[in-house]
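Colleague: Sharing a structure below in structure tokens format, with a few things to ask.
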Amino acid sequence: MISFLKGERIYLREIRPSDVSETSNYYRWMNDPEVTRYFEYTGLFPVSVEQLIERVTNSIKNPDIVPLAIMLPDGEESVHIGTVRIGPINWLHRFSEIMITVDRPYWGKGYGTEAVNLMRDYAFNKLNLHKLTAHAYVANKASVRVLEKAGFIIEGIHKNQFLFNGEYTDAFVLGIINPNHVARKE
């Protein structure tokens, strides 16, 4: 488990059940329909403190998932502004999916891209993964932009993948290959 990855403006630390309370930023943004509108499990809304603690606890216990809190230093205190995770990791083929959530007041400031870059570098340089993938609703232009800034490319589209606002919508499949690995030519 990672305990600390330091970036230029943020750092990533392990996520903790203690991050969840009725007054926590985490609980608030997980119940913000604007923040969670592109989540695959949006139908599980609103989420209770107990449900969120259970999700955090289960992800921490899973050795194939690396869940981290995105922290913004703020003087003596730090502000929990989001989460980023890879997992589940397929250790045989050495790939995983990456997911990120950033609280609304911090959108458009580059924190998401910095968090994805930190996690990507950890996945490639420390875990020696070969590839990271991500999925994004085609309407979720901000997430696609964050991933593309971190070097991901759109590899394809899953047609009618997610139910969104009562209609099925497409999802982009994005990926990035570890530059330290030589791709096999076919």
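Chains: A, B, ... in order of the structure tokens. Residues: from 1 per chain. Ligands: from 1, in order shown.
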Please list as a list in words every residue within 7 Å of Ile154 of chain A, counting only C-alpha atoms and excluding residues in the same chain fewer than 4 positions away.

Modeller: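 In the requested form, the answer reads Phe172, Val173, Leu174 and Gly175 of chain A.
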
Colleague: Would you write out those residues with C-alpha atoms, as a tab-separated table (two decimals), in the first residue's frame?

Modeller:
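Saved the output as again_16.tsv:
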```tsv
chain	number	residue	atom	x	y	z
A	172	PHE	CA	-14.53	5.96	-24.61
A	173	VAL	CA	-11.90	3.35	-23.83
A	174	LEU	CA	-8.58	5.06	-23.13
A	175	GLY	CA	-5.19	3.52	-22.50
```

Colleague: Got a sec: who's within 12 Å of Phe39 of chain A, counting only C-alpha atoms, leaving out chain neighbours fewer than 3 positions off, as a PyMOL selection string?

Modeller: chain A and resi 30-36+42-45+99-101+135-137+140+143+162-164+171

Colleague: When you count only C-alpha atoms, which of these residues is closest to Ala69 of chain A: A:Gly156, A:Pro17, A:Gly151, A:Pro105?

Modeller: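 Selected residue with least distance to Ala69 of chain A: A:Pro17.
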
Colleague: So which bits of segment 33-99 of chain A end up strand (DSSP E or B) when you DSSP the backbone, as a list in words?

Modeller: Val66, Pro67, Leu68, Ala69, Ile70, Met71, Leu72, Pro73, Asp74, Glu77, Ser78, Val79, His80, Ile81, Gly82, Thr83, Val84, Arg85, Ile86, Asn90, Phe95, Ser96, Glu97, Ile98 and Met99 of chain A

Colleague: What parts of chain A does DSSP call helix (DSSP H, G or I)? I'd like the answer as a PDB file with C-alpha atoms, in the first residue's frame.

Modeller:
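As written to disk, states.pdb reads:
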```
ATOM      1  CA  PRO A  17     -12.232   4.866   6.857  1.00  0.00           C
ATOM      2  CA  SER A  18     -11.675   7.900   9.095  1.00  0.00           C
ATOM      3  CA  ASP A  19     -11.880  10.056   5.934  1.00  0.00           C
ATOM      4  CA  ASN A  25     -15.617  16.487   2.116  1.00  0.00           C
ATOM      5  CA  TYR A  26     -15.500  12.900   0.862  1.00  0.00           C
ATOM      6  CA  TYR A  27     -19.026  12.100   2.068  1.00  0.00           C
ATOM      7  CA  ARG A  28     -20.330  15.425   0.695  1.00  0.00           C
ATOM      8  CA  TRP A  29     -18.936  15.013  -2.815  1.00  0.00           C
ATOM      9  CA  MET A  30     -19.980  11.343  -3.022  1.00  0.00           C
ATOM     10  CA  PRO A  33     -25.089  14.531  -8.153  1.00  0.00           C
ATOM     11  CA  GLU A  34     -22.883  16.796 -10.269  1.00  0.00           C
ATOM     12  CA  VAL A  35     -19.671  15.074  -9.074  1.00  0.00           C
ATOM     13  CA  THR A  36     -21.069  11.540  -9.349  1.00  0.00           C
ATOM     14  CA  VAL A  49     -21.758   7.047   5.698  1.00  0.00           C
ATOM     15  CA  GLU A  50     -21.879   3.326   6.475  1.00  0.00           C
ATOM     16  CA  GLN A  51     -21.944   2.348   2.780  1.00  0.00           C
ATOM     17  CA  LEU A  52     -19.032   4.622   1.995  1.00  0.00           C
ATOM     18  CA  ILE A  53     -16.982   3.326   4.941  1.00  0.00           C
ATOM     19  CA  GLU A  54     -17.690  -0.221   3.732  1.00  0.00           C
ATOM     20  CA  ARG A  55     -16.503   0.668   0.191  1.00  0.00           C
ATOM     21  CA  VAL A  56     -13.329   2.254   1.561  1.00  0.00           C
ATOM     22  CA  THR A  57     -12.658  -0.678   3.899  1.00  0.00           C
ATOM     23  CA  ASN A  58     -13.207  -3.261   1.149  1.00  0.00           C
ATOM     24  CA  SER A  59     -10.900  -1.451  -1.279  1.00  0.00           C
ATOM     25  CA  ILE A  60      -8.180  -1.127   1.367  1.00  0.00           C
ATOM     26  CA  LYS A  61      -8.355  -4.867   2.112  1.00  0.00           C
ATOM     27  CA  ARG A 104     -16.269  20.242  -7.716  1.00  0.00           C
ATOM     28  CA  PRO A 105     -14.481  23.339  -6.280  1.00  0.00           C
ATOM     29  CA  TYR A 106     -11.181  21.884  -7.555  1.00  0.00           C
ATOM     30  CA  TYR A 111      -5.200  18.617  -9.758  1.00  0.00           C
ATOM     31  CA  GLY A 112      -6.816  15.648 -11.500  1.00  0.00           C
ATOM     32  CA  THR A 113      -4.115  15.501 -14.151  1.00  0.00           C
ATOM     33  CA  GLU A 114      -1.406  15.726 -11.495  1.00  0.00           C
ATOM     34  CA  ALA A 115      -3.025  12.891  -9.520  1.00  0.00           C
ATOM     35  CA  VAL A 116      -3.327  10.689 -12.623  1.00  0.00           C
ATOM     36  CA  ASN A 117       0.321  11.416 -13.505  1.00  0.00           C
ATOM     37  CA  LEU A 118       1.462  10.430  -9.995  1.00  0.00           C
ATOM     38  CA  MET A 119      -0.570   7.228 -10.047  1.00  0.00           C
ATOM     39  CA  ARG A 120       0.512   6.368 -13.606  1.00  0.00           C
ATOM     40  CA  ASP A 121       4.169   6.786 -12.675  1.00  0.00           C
ATOM     41  CA  TYR A 122       3.687   4.631  -9.584  1.00  0.00           C
ATOM     42  CA  ALA A 123       1.924   1.927 -11.609  1.00  0.00           C
ATOM     43  CA  PHE A 124       4.654   1.851 -14.246  1.00  0.00           C
ATOM     44  CA  ASN A 125       7.795   2.462 -12.184  1.00  0.00           C
ATOM     45  CA  LYS A 141     -15.195  15.741 -21.685  1.00  0.00           C
ATOM     46  CA  ALA A 142     -13.358  16.872 -18.543  1.00  0.00           C
ATOM     47  CA  SER A 143     -12.295  13.328 -17.618  1.00  0.00           C
ATOM     48  CA  VAL A 144     -11.218  12.599 -21.178  1.00  0.00           C
ATOM     49  CA  ARG A 145      -9.152  15.805 -21.174  1.00  0.00           C
ATOM     50  CA  VAL A 146      -7.494  14.885 -17.831  1.00  0.00           C
ATOM     51  CA  LEU A 147      -6.566  11.442 -19.132  1.00  0.00           C
ATOM     52  CA  GLU A 148      -5.288  12.750 -22.473  1.00  0.00           C
ATOM     53  CA  LYS A 149      -3.108  15.327 -20.676  1.00  0.00           C
TER      54      LYS A 149
END
```

Colleague: Enter the distance from atom CA of Glu8 of chain A to atom CA of Asp103 of chain A, in Å, rounded to one decimal.

Modeller: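 Value for the atom CA of Glu8 of chain A-atom CA of Asp103 of chain A distance: 18.8 Å.
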
Colleague: One decimal, Å: what's the distance from atom CA of Lys109 of chain A over to atom CA of Ile10 of chain A, could you say?

Modeller: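 We find that atom CA of Lys109 of chain A and atom CA of Ile10 of chain A lie 11.5 Å from each other.
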
Colleague: For Ser24 of chain A, which of A:Gly166, A:Pro179, A:Gly110, A:Gly82 is the closest residue, counting only C-alpha atoms?

Modeller: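 Selected residue with least distance to Ser24 of chain A: A:Gly82.
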
Colleague: What is the atom CA of Leu132 of chain A to atom CA of Val182 of chain A distance in Å?

Modeller: 15.1 Å

Colleague: Name all residues at most 7 Å from segment 86-94 of chain A (count only C-alpha atoms; drop same-chain ones fewer than 2 positions away) and give them as a list in words.

Modeller: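 Within the cut-off, the hits are Asp64, Ile65, Val66, Pro67, Ser96, Glu97, Ile98, Met99, Leu129, His130 and Lys131 of chain A.
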